[in-house]
>>> print(open('model34.cif').read())   # mmCIF, C-alpha atoms
data_query
loop_
_atom_site.label_atom_id
_atom_site.label_comp_id
_atom_site.auth_asym_id
_atom_site.auth_seq_id
_atom_site.Cartn_x
_atom_site.Cartn_y
_atom_site.Cartn_z
CA MET A 240 -44.21 13.91 19.09
CA HIS A 241 -46.10 13.91 15.85
CA SER A 242 -48.17 10.79 16.07
CA LEU A 243 -49.26 7.83 18.08
CA LYS A 244 -47.25 5.64 15.72
CA ALA A 245 -44.01 7.45 16.64
CA TRP A 246 -44.80 7.12 20.33
CA SER A 247 -45.49 3.40 19.97
CA LYS A 248 -42.15 2.91 18.16
CA THR A 249 -40.41 4.83 20.90
CA PHE A 250 -42.16 2.85 23.62
CA MET A 251 -41.35 -0.48 21.95
CA TYR A 252 -37.71 0.49 21.53
CA LEU A 253 -37.40 1.63 25.13
CA GLN A 254 -39.11 -1.51 26.35
CA GLU A 255 -36.89 -3.78 24.22
CA HIS A 256 -33.73 -2.17 25.56
CA ASP A 257 -35.02 -1.87 29.14
CA LEU A 258 -34.82 1.93 29.10
CA LEU A 259 -38.27 2.89 30.32
CA SER A 260 -36.81 4.57 33.38
CA PRO A 261 -35.68 8.17 32.69
CA ASP A 262 -32.49 7.54 34.70
CA LYS A 263 -31.60 4.49 32.63
CA LEU A 264 -32.29 6.37 29.43
CA ILE A 265 -30.10 9.30 30.47
CA ALA A 266 -27.32 6.90 31.52
CA ALA A 267 -27.58 5.09 28.16
CA VAL A 268 -27.36 8.38 26.24
CA ASP A 269 -24.35 9.47 28.30
CA ALA A 270 -22.60 6.12 27.79
CA ALA A 271 -23.31 6.18 24.05
CA GLY A 272 -21.95 9.74 23.88
CA ALA A 273 -18.75 8.71 25.63
CA GLU A 274 -18.34 5.72 23.31
CA ALA A 275 -18.90 7.90 20.24
CA ARG A 276 -16.33 10.46 21.44
CA GLU A 277 -13.80 7.72 22.15
CA ALA A 278 -14.37 6.18 18.71
CA ARG A 279 -13.98 9.61 17.10
CA ASN A 280 -10.67 10.14 18.93
CA ARG A 281 -9.41 6.76 17.68
CA TYR A 282 -10.46 7.69 14.14
CA ASP A 283 -8.73 11.09 14.35
CA ALA A 284 -5.53 9.44 15.63
CA ALA A 285 -5.59 6.90 12.79
CA ALA A 286 -6.20 9.65 10.22
CA ALA A 287 -3.27 11.65 11.63
CA LYS A 288 -0.99 8.60 11.30
CA VAL A 289 -2.01 8.19 7.65
CA THR A 290 -1.35 11.87 6.97
CA ASP A 291 2.09 11.67 8.61
CA LYS A 292 3.07 8.57 6.65
CA LYS A 293 1.93 10.15 3.38
CA ALA A 294 4.00 13.24 4.19
CA LEU A 295 6.97 10.98 4.96
CA LEU A 296 6.52 9.17 1.64
CA GLU A 297 6.36 12.45 -0.27
CA ALA A 298 9.47 13.80 1.45
CA MET A 299 11.31 10.53 0.79
CA ASP A 300 10.37 10.66 -2.88
CA ASN A 301 11.49 14.28 -3.20
CA TYR A 302 14.76 13.52 -1.45
CA ARG A 303 15.48 10.44 -3.52
CA ASN A 304 14.58 12.17 -6.79
CA THR A 305 16.88 15.12 -6.15
CA TYR A 306 19.75 13.26 -4.51
CA PRO A 307 21.50 12.34 -7.82
CA VAL A 308 21.81 16.06 -8.63
CA ILE A 309 23.35 16.74 -5.21
CA LYS A 310 25.72 13.81 -5.65
CA GLU A 311 26.74 15.05 -9.10
CA CYS A 312 27.42 18.52 -7.67
CA ARG A 313 29.74 17.01 -5.06
CA MET A 314 31.80 15.41 -7.84
CA ILE A 315 32.57 18.77 -9.42
CA ARG A 316 35.96 20.05 -8.27
CA LYS A 317 36.13 23.59 -9.63
CA GLU A 318 34.22 26.21 -7.69
CA LYS A 319 33.23 28.09 -10.84
CA ASP A 320 31.73 24.92 -12.35
CA LYS A 321 29.92 24.20 -9.07
CA GLN A 322 28.32 27.64 -9.15
CA LYS A 323 27.16 27.14 -12.74
CA PHE A 324 25.81 23.71 -11.88
CA TYR A 325 24.02 25.09 -8.83
CA ALA A 326 22.46 27.90 -10.87
CA ALA A 327 21.23 25.40 -13.46
CA HIS A 328 19.78 23.03 -10.83
CA GLU A 329 18.76 25.46 -8.09
CA ALA A 330 15.21 24.10 -7.90
CA ASP A 331 16.52 20.60 -7.19
CA PHE A 332 18.70 21.93 -4.36
CA ILE A 333 15.75 23.78 -2.82
CA ILE A 334 13.52 20.71 -3.07
CA ASN A 335 16.24 18.54 -1.55
CA ASP A 336 16.75 20.92 1.38
CA ALA A 337 13.00 21.10 2.00
CA ALA A 338 12.76 17.30 1.85
CA LYS A 339 15.61 16.97 4.39
CA ARG A 340 13.88 19.40 6.76
CA GLN A 341 10.59 17.54 6.38
CA LEU A 342 12.25 14.18 7.05
CA ASP A 343 13.93 15.59 10.16
CA LYS A 344 10.63 17.07 11.31
CA LEU A 345 8.88 13.71 10.84
CA GLY A 346 11.63 11.90 12.71
CA ALA A 347 12.72 9.71 9.80
CA PRO A 348 15.70 7.42 10.44
CA LYS A 349 19.04 8.20 8.80
CA GLN A 350 18.67 5.11 6.60
CA LEU A 351 15.38 5.75 4.84
CA PRO A 352 13.00 2.80 4.65
CA LYS A 353 12.15 1.28 1.30
CA ARG A 354 9.30 2.89 -0.56
CA LYS A 355 7.38 -0.38 -0.82
CA GLU A 356 7.49 -0.80 2.95
CA VAL A 357 6.12 2.68 3.54
CA VAL A 358 3.38 2.19 0.93
CA ALA A 359 2.40 -1.11 2.57
CA GLU A 360 2.32 0.58 5.97
CA ILE A 361 0.13 3.36 4.58
CA GLN A 362 -2.28 0.78 3.17
CA SER A 363 -2.54 -1.00 6.53
CA LEU A 364 -3.06 2.35 8.30
CA ILE A 365 -5.80 3.25 5.82
CA SER A 366 -7.51 -0.07 6.57
CA GLU A 367 -7.24 0.65 10.29
CA LYS A 368 -8.59 4.16 9.74
CA ASN A 369 -11.57 2.80 7.79
CA GLU A 370 -12.34 0.31 10.57
CA CYS A 371 -12.17 3.13 13.10
CA TYR A 372 -14.51 5.23 10.97
CA ASN A 373 -17.04 2.39 10.64
CA ASP A 374 -16.93 1.89 14.41
CA TYR A 375 -17.41 5.62 14.93
CA ARG A 376 -20.38 5.71 12.53
CA GLU A 377 -22.07 2.81 14.36
CA LYS A 378 -21.58 4.42 17.75
CA SER A 379 -22.66 7.82 16.45
CA ASP A 380 -25.79 6.34 14.89
CA ARG A 381 -26.58 4.59 18.17
CA LEU A 382 -26.15 7.88 20.02
CA HIS A 383 -28.46 9.73 17.64
CA GLU A 384 -31.03 6.96 17.92
CA LEU A 385 -30.96 7.11 21.71
CA MET A 386 -31.15 10.90 21.68
CA THR A 387 -34.19 10.74 19.40
CA MET A 388 -35.85 8.22 21.71
CA GLN A 389 -35.04 10.41 24.71
CA ARG A 390 -36.54 13.45 23.00
CA ASN A 391 -39.67 11.50 22.03
CA TYR A 392 -39.97 10.13 25.55
CA GLN A 393 -39.68 13.58 27.09
CA MET A 394 -42.26 15.01 24.68
CA ALA A 395 -44.72 12.21 25.51
CA ILE A 396 -44.25 12.42 29.28
CA GLN A 397 -44.33 16.20 29.63
CA PRO A 398 -47.69 17.85 29.04
CA GLN A 399 -47.99 19.71 25.79
CA GLN A 400 -47.47 23.36 26.41
CA PRO A 401 -48.88 25.84 23.94
CA LYS A 402 -46.34 27.75 21.95
CA HIS A 403 -45.89 31.22 23.25
CA GLY A 404 -46.76 33.74 20.65
CA ARG A 405 -47.52 37.35 21.02
CA LYS A 406 -50.27 38.00 23.49
CA HIS A 407 -52.52 40.84 22.64
CA GLU A 408 -53.93 42.48 25.68
CA GLN A 409 -56.50 45.13 25.37
CA GLU A 410 -56.97 47.66 28.06
CA LEU A 411 -60.39 48.98 28.70
#
>>> encode(input="model34.cif", output="structure tokens")
Amino acid sequence: MHSLKAWSKTFMYLQEHDLLSPDKLIAAVDAAGAEAREARNRYDAAAAKVTDKKALLEAMDNYRNTYPVIKECRMIRKEKDKQKFYAAHEADFIINDAAKRQLDKLGAPKQLPKRKEVVAEIQSLISEKNECYNDYREKSDRLHELMTMQRNYQMAIQPQQPKHGRKHEQEL
């Protein structure tokens, strides 16, 4: 500990929160750590949901943008004309196939939801994610504060040991 002022802040904090006992302090640090980990897991889950919904929205947009080309190709009767059409719009066919695979992978229903509904859901998930992050930050800050107090407490209680440097021994 660097100063008497730091020790007095630590002591006041520990006294305010009834953590003067080393066992209580350790238990408080452990509990704060568990809360911070739980909050982080909730945040990660919310972030994953947002990422999945954004991927779903992108796949839906790609599918819907390329579907008219696919539909037009189905209207062509002659095989030779179909091949020409396919060659001219090959990129759209590739994008459409990739979008279908992505939608299947994400478990999208056969009848795709409306874009506005998905965007609204993404916005609500982002709000939830931000709340989870704020909760995580609070719990993480509390953990770091308790860990600092624990470190200060241990440094004040344990006798100061000199730093071990090189010892020069001379033999006579």
>>> resolve_selection(input="model34.cif", expression="the PyMOL selection byres ((chain A and resi 253) around 12)", output="ChimeraX atom specification")
/A:246-252,254-261,263-265,267,384-389,391-392
>>> write_last_selection(input="model34.cif", atoms="C-alpha atoms", output="PDB file, in the frame of the given file")
ATOM      1  CA  TRP A 246     -44.800   7.120  20.330  1.00  0.00           C
ATOM      2  CA  SER A 247     -45.490   3.400  19.970  1.00  0.00           C
ATOM      3  CA  LYS A 248     -42.150   2.910  18.160  1.00  0.00           C
ATOM      4  CA  THR A 249     -40.410   4.830  20.900  1.00  0.00           C
ATOM      5  CA  PHE A 250     -42.160   2.850  23.620  1.00  0.00           C
ATOM      6  CA  MET A 251     -41.350  -0.480  21.950  1.00  0.00           C
ATOM      7  CA  TYR A 252     -37.710   0.490  21.530  1.00  0.00           C
ATOM      8  CA  GLN A 254     -39.110  -1.510  26.350  1.00  0.00           C
ATOM      9  CA  GLU A 255     -36.890  -3.780  24.220  1.00  0.00           C
ATOM     10  CA  HIS A 256     -33.730  -2.170  25.560  1.00  0.00           C
ATOM     11  CA  ASP A 257     -35.020  -1.870  29.140  1.00  0.00           C
ATOM     12  CA  LEU A 258     -34.820   1.930  29.100  1.00  0.00           C
ATOM     13  CA  LEU A 259     -38.270   2.890  30.320  1.00  0.00           C
ATOM     14  CA  SER A 260     -36.810   4.570  33.380  1.00  0.00           C
ATOM     15  CA  PRO A 261     -35.680   8.170  32.690  1.00  0.00           C
ATOM     16  CA  LYS A 263     -31.600   4.490  32.630  1.00  0.00           C
ATOM     17  CA  LEU A 264     -32.290   6.370  29.430  1.00  0.00           C
ATOM     18  CA  ILE A 265     -30.100   9.300  30.470  1.00  0.00           C
ATOM     19  CA  ALA A 267     -27.580   5.090  28.160  1.00  0.00           C
ATOM     20  CA  GLU A 384     -31.030   6.960  17.920  1.00  0.00           C
ATOM     21  CA  LEU A 385     -30.960   7.110  21.710  1.00  0.00           C
ATOM     22  CA  MET A 386     -31.150  10.900  21.680  1.00  0.00           C
ATOM     23  CA  THR A 387     -34.190  10.740  19.400  1.00  0.00           C
ATOM     24  CA  MET A 388     -35.850   8.220  21.710  1.00  0.00           C
ATOM     25  CA  GLN A 389     -35.040  10.410  24.710  1.00  0.00           C
ATOM     26  CA  ASN A 391     -39.670  11.500  22.030  1.00  0.00           C
ATOM     27  CA  TYR A 392     -39.970  10.130  25.550  1.00  0.00           C
TER      28      TYR A 392
END
>>> resolve_selection(input="model34.cif", expression="the PyMOL selection byres ((chain A and resi 342) around 10)", output="list in words")
Ala294, Leu295, Leu296, Glu297, Ala298, Met299, Tyr302, Asp336, Ala337, Ala338, Lys339, Arg340, Gln341, Asp343, Lys344, Leu345, Gly346, Ala347, Pro348, Lys349 and Leu351 of chain A
>>> resolve_selection(input="model34.cif", expression="the PyMOL selection byres ((chain A and resi 284) around 12)", output="number ranges by chain")
A: 277-283, 285-291, 364-365, 367-369, 371-372
>>> closest_residue(input="model34.cif", among="A:Ile309, A:Ile396, A:Ala326, A:Ala275", to="Arg376 (chain A)", atoms="only C-alpha atoms")
A:Ala275
>>> atom_distance(input="model34.cif", atom1="CA of Met314 (chain A)", atom2="CA of Asn335 (chain A)")
17.1 Å
>>> atom_distance(input="model34.cif", atom1="CA of Ala245 (chain A)", atom2="CA of Leu382 (chain A)")
18.2 Å
>>> atom_distance(input="model34.cif", atom1="CA of Arg316 (chain A)", atom2="CA of Arg303 (chain A)")
23.1 Å
>>> closest_residue(input="model34.cif", among="A:Ser363, A:Thr305, A:Asn373, A:Gln322", to="Ile334 (chain A)", atoms="all atoms listed in the file")
A:Thr305
>>> residues_around(input="model34.cif", residues="Lys321 (chain A)", least_positions_apart="6", cutoff="10 Å", atoms="all atoms listed in the file", output="list in words")
Glu311, Cys312, Arg313, Met314, Ile315 and Ala327 of chain A
>>> closest_residue(input="model34.cif", among="A:Glu356, A:Glu274, A:Asp320, A:Glu329", to="Asp374 (chain A)", atoms="all atoms listed in the file")
A:Glu274
>>> closest_residue(input="model34.cif", among="A:Tyr325, A:Lys319, A:Leu243, A:Asp300", to="Val357 (chain A)", atoms="only C-alpha atoms")
A:Asp300
>>> decode(input="model34.cif", residues="region 253-289 of chain A", atoms="N, CA and C atoms", output="PDB file, in the first residue's frame")
ATOM      1  N   LEU A 253     -14.188  -1.066   3.881  1.00  0.00           N
ATOM      2  CA  LEU A 253     -14.422  -2.379   4.475  1.00  0.00           C
ATOM      3  C   LEU A 253     -15.352  -2.273   5.688  1.00  0.00           C
ATOM      4  N   GLN A 254     -15.196  -1.216   6.441  1.00  0.00           N
ATOM      5  CA  GLN A 254     -16.051  -1.020   7.606  1.00  0.00           C
ATOM      6  C   GLN A 254     -17.493  -0.718   7.174  1.00  0.00           C
ATOM      7  N   GLU A 255     -17.656   0.121   6.162  1.00  0.00           N
ATOM      8  CA  GLU A 255     -18.990   0.457   5.654  1.00  0.00           C
ATOM      9  C   GLU A 255     -19.740  -0.769   5.175  1.00  0.00           C
ATOM     10  N   HIS A 256     -19.037  -1.653   4.506  1.00  0.00           N
ATOM     11  CA  HIS A 256     -19.664  -2.835   3.913  1.00  0.00           C
ATOM     12  C   HIS A 256     -19.546  -4.074   4.798  1.00  0.00           C
ATOM     13  N   ASP A 257     -19.107  -3.885   6.041  1.00  0.00           N
ATOM     14  CA  ASP A 257     -18.987  -4.974   7.003  1.00  0.00           C
ATOM     15  C   ASP A 257     -18.132  -6.114   6.446  1.00  0.00           C
ATOM     16  N   LEU A 258     -16.952  -5.751   5.952  1.00  0.00           N
ATOM     17  CA  LEU A 258     -16.049  -6.744   5.363  1.00  0.00           C
ATOM     18  C   LEU A 258     -14.683  -6.763   6.054  1.00  0.00           C
ATOM     19  N   LEU A 259     -14.640  -6.402   7.307  1.00  0.00           N
ATOM     20  CA  LEU A 259     -13.353  -6.356   8.000  1.00  0.00           C
ATOM     21  C   LEU A 259     -12.780  -7.744   8.258  1.00  0.00           C
ATOM     22  N   SER A 260     -13.609  -8.738   8.270  1.00  0.00           N
ATOM     23  CA  SER A 260     -13.138 -10.107   8.449  1.00  0.00           C
ATOM     24  C   SER A 260     -12.585 -10.620   7.114  1.00  0.00           C
ATOM     25  N   PRO A 261     -11.404 -11.234   7.119  1.00  0.00           N
ATOM     26  CA  PRO A 261     -10.847 -11.768   5.864  1.00  0.00           C
ATOM     27  C   PRO A 261     -11.770 -12.782   5.190  1.00  0.00           C
ATOM     28  N   ASP A 262     -12.479 -13.582   5.988  1.00  0.00           N
ATOM     29  CA  ASP A 262     -13.400 -14.573   5.424  1.00  0.00           C
ATOM     30  C   ASP A 262     -14.555 -13.905   4.699  1.00  0.00           C
ATOM     31  N   LYS A 263     -15.100 -12.846   5.308  1.00  0.00           N
ATOM     32  CA  LYS A 263     -16.198 -12.122   4.666  1.00  0.00           C
ATOM     33  C   LYS A 263     -15.728 -11.447   3.388  1.00  0.00           C
ATOM     34  N   LEU A 264     -14.534 -10.912   3.424  1.00  0.00           N
ATOM     35  CA  LEU A 264     -13.985 -10.246   2.244  1.00  0.00           C
ATOM     36  C   LEU A 264     -13.776 -11.242   1.107  1.00  0.00           C
ATOM     37  N   ILE A 265     -13.232 -12.386   1.417  1.00  0.00           N
ATOM     38  CA  ILE A 265     -13.015 -13.428   0.402  1.00  0.00           C
ATOM     39  C   ILE A 265     -14.347 -13.894  -0.158  1.00  0.00           C
ATOM     40  N   ALA A 266     -15.328 -14.088   0.718  1.00  0.00           N
ATOM     41  CA  ALA A 266     -16.662 -14.520   0.267  1.00  0.00           C
ATOM     42  C   ALA A 266     -17.296 -13.455  -0.630  1.00  0.00           C
ATOM     43  N   ALA A 267     -17.119 -12.187  -0.282  1.00  0.00           N
ATOM     44  CA  ALA A 267     -17.673 -11.096  -1.095  1.00  0.00           C
ATOM     45  C   ALA A 267     -17.006 -11.044  -2.469  1.00  0.00           C
ATOM     46  N   VAL A 268     -15.694 -11.239  -2.515  1.00  0.00           N
ATOM     47  CA  VAL A 268     -14.978 -11.254  -3.799  1.00  0.00           C
ATOM     48  C   VAL A 268     -15.435 -12.430  -4.649  1.00  0.00           C
ATOM     49  N   ASP A 269     -15.587 -13.591  -4.034  1.00  0.00           N
ATOM     50  CA  ASP A 269     -16.049 -14.775  -4.769  1.00  0.00           C
ATOM     51  C   ASP A 269     -17.463 -14.575  -5.310  1.00  0.00           C
ATOM     52  N   ALA A 270     -18.339 -14.013  -4.485  1.00  0.00           N
ATOM     53  CA  ALA A 270     -19.726 -13.774  -4.915  1.00  0.00           C
ATOM     54  C   ALA A 270     -19.766 -12.748  -6.046  1.00  0.00           C
ATOM     55  N   ALA A 271     -18.975 -11.697  -5.920  1.00  0.00           N
ATOM     56  CA  ALA A 271     -18.934 -10.675  -6.975  1.00  0.00           C
ATOM     57  C   ALA A 271     -18.376 -11.269  -8.271  1.00  0.00           C
ATOM     58  N   GLY A 272     -17.397 -12.158  -8.155  1.00  0.00           N
ATOM     59  CA  GLY A 272     -16.851 -12.824  -9.340  1.00  0.00           C
ATOM     60  C   GLY A 272     -17.882 -13.686 -10.031  1.00  0.00           C
ATOM     61  N   ALA A 273     -18.667 -14.410  -9.236  1.00  0.00           N
ATOM     62  CA  ALA A 273     -19.715 -15.266  -9.807  1.00  0.00           C
ATOM     63  C   ALA A 273     -20.782 -14.411 -10.486  1.00  0.00           C
ATOM     64  N   GLU A 274     -21.158 -13.307  -9.852  1.00  0.00           N
ATOM     65  CA  GLU A 274     -22.156 -12.415 -10.454  1.00  0.00           C
ATOM     66  C   GLU A 274     -21.642 -11.812 -11.759  1.00  0.00           C
ATOM     67  N   ALA A 275     -20.377 -11.421 -11.784  1.00  0.00           N
ATOM     68  CA  ALA A 275     -19.795 -10.839 -12.993  1.00  0.00           C
ATOM     69  C   ALA A 275     -19.748 -11.873 -14.122  1.00  0.00           C
ATOM     70  N   ARG A 276     -19.383 -13.109 -13.797  1.00  0.00           N
ATOM     71  CA  ARG A 276     -19.350 -14.161 -14.824  1.00  0.00           C
ATOM     72  C   ARG A 276     -20.750 -14.441 -15.365  1.00  0.00           C
ATOM     73  N   GLU A 277     -21.735 -14.481 -14.470  1.00  0.00           N
ATOM     74  CA  GLU A 277     -23.112 -14.728 -14.890  1.00  0.00           C
ATOM     75  C   GLU A 277     -23.607 -13.591 -15.786  1.00  0.00           C
ATOM     76  N   ALA A 278     -23.293 -12.356 -15.409  1.00  0.00           N
ATOM     77  CA  ALA A 278     -23.703 -11.204 -16.218  1.00  0.00           C
ATOM     78  C   ALA A 278     -23.013 -11.241 -17.580  1.00  0.00           C
ATOM     79  N   ARG A 279     -21.756 -11.651 -17.609  1.00  0.00           N
ATOM     80  CA  ARG A 279     -21.032 -11.744 -18.878  1.00  0.00           C
ATOM     81  C   ARG A 279     -21.650 -12.815 -19.772  1.00  0.00           C
ATOM     82  N   ASN A 280     -22.059 -13.934 -19.186  1.00  0.00           N
ATOM     83  CA  ASN A 280     -22.707 -14.992 -19.967  1.00  0.00           C
ATOM     84  C   ASN A 280     -24.025 -14.512 -20.563  1.00  0.00           C
ATOM     85  N   ARG A 281     -24.797 -13.744 -19.767  1.00  0.00           N
ATOM     86  CA  ARG A 281     -26.054 -13.184 -20.287  1.00  0.00           C
ATOM     87  C   ARG A 281     -25.773 -12.211 -21.431  1.00  0.00           C
ATOM     88  N   TYR A 282     -24.740 -11.395 -21.282  1.00  0.00           N
ATOM     89  CA  TYR A 282     -24.376 -10.453 -22.335  1.00  0.00           C
ATOM     90  C   TYR A 282     -23.953 -11.202 -23.598  1.00  0.00           C
ATOM     91  N   ASP A 283     -23.128 -12.221 -23.455  1.00  0.00           N
ATOM     92  CA  ASP A 283     -22.676 -12.997 -24.617  1.00  0.00           C
ATOM     93  C   ASP A 283     -23.853 -13.656 -25.333  1.00  0.00           C
ATOM     94  N   ALA A 284     -24.814 -14.181 -24.567  1.00  0.00           N
ATOM     95  CA  ALA A 284     -25.992 -14.812 -25.162  1.00  0.00           C
ATOM     96  C   ALA A 284     -26.821 -13.777 -25.925  1.00  0.00           C
ATOM     97  N   ALA A 285     -26.987 -12.597 -25.349  1.00  0.00           N
ATOM     98  CA  ALA A 285     -27.747 -11.541 -26.023  1.00  0.00           C
ATOM     99  C   ALA A 285     -27.035 -11.082 -27.294  1.00  0.00           C
ATOM    100  N   ALA A 286     -25.725 -10.964 -27.235  1.00  0.00           N
ATOM    101  CA  ALA A 286     -24.952 -10.562 -28.415  1.00  0.00           C
ATOM    102  C   ALA A 286     -25.057 -11.617 -29.514  1.00  0.00           C
ATOM    103  N   ALA A 287     -25.054 -12.888 -29.144  1.00  0.00           N
ATOM    104  CA  ALA A 287     -25.185 -13.967 -30.126  1.00  0.00           C
ATOM    105  C   ALA A 287     -26.561 -13.924 -30.805  1.00  0.00           C
ATOM    106  N   LYS A 288     -27.606 -13.625 -30.020  1.00  0.00           N
ATOM    107  CA  LYS A 288     -28.949 -13.503 -30.608  1.00  0.00           C
ATOM    108  C   LYS A 288     -28.995 -12.376 -31.634  1.00  0.00           C
ATOM    109  N   VAL A 289     -28.378 -11.247 -31.301  1.00  0.00           N
ATOM    110  CA  VAL A 289     -28.356 -10.105 -32.224  1.00  0.00           C
ATOM    111  C   VAL A 289     -27.627 -10.493 -33.508  1.00  0.00           C
TER     112      VAL A 289
END
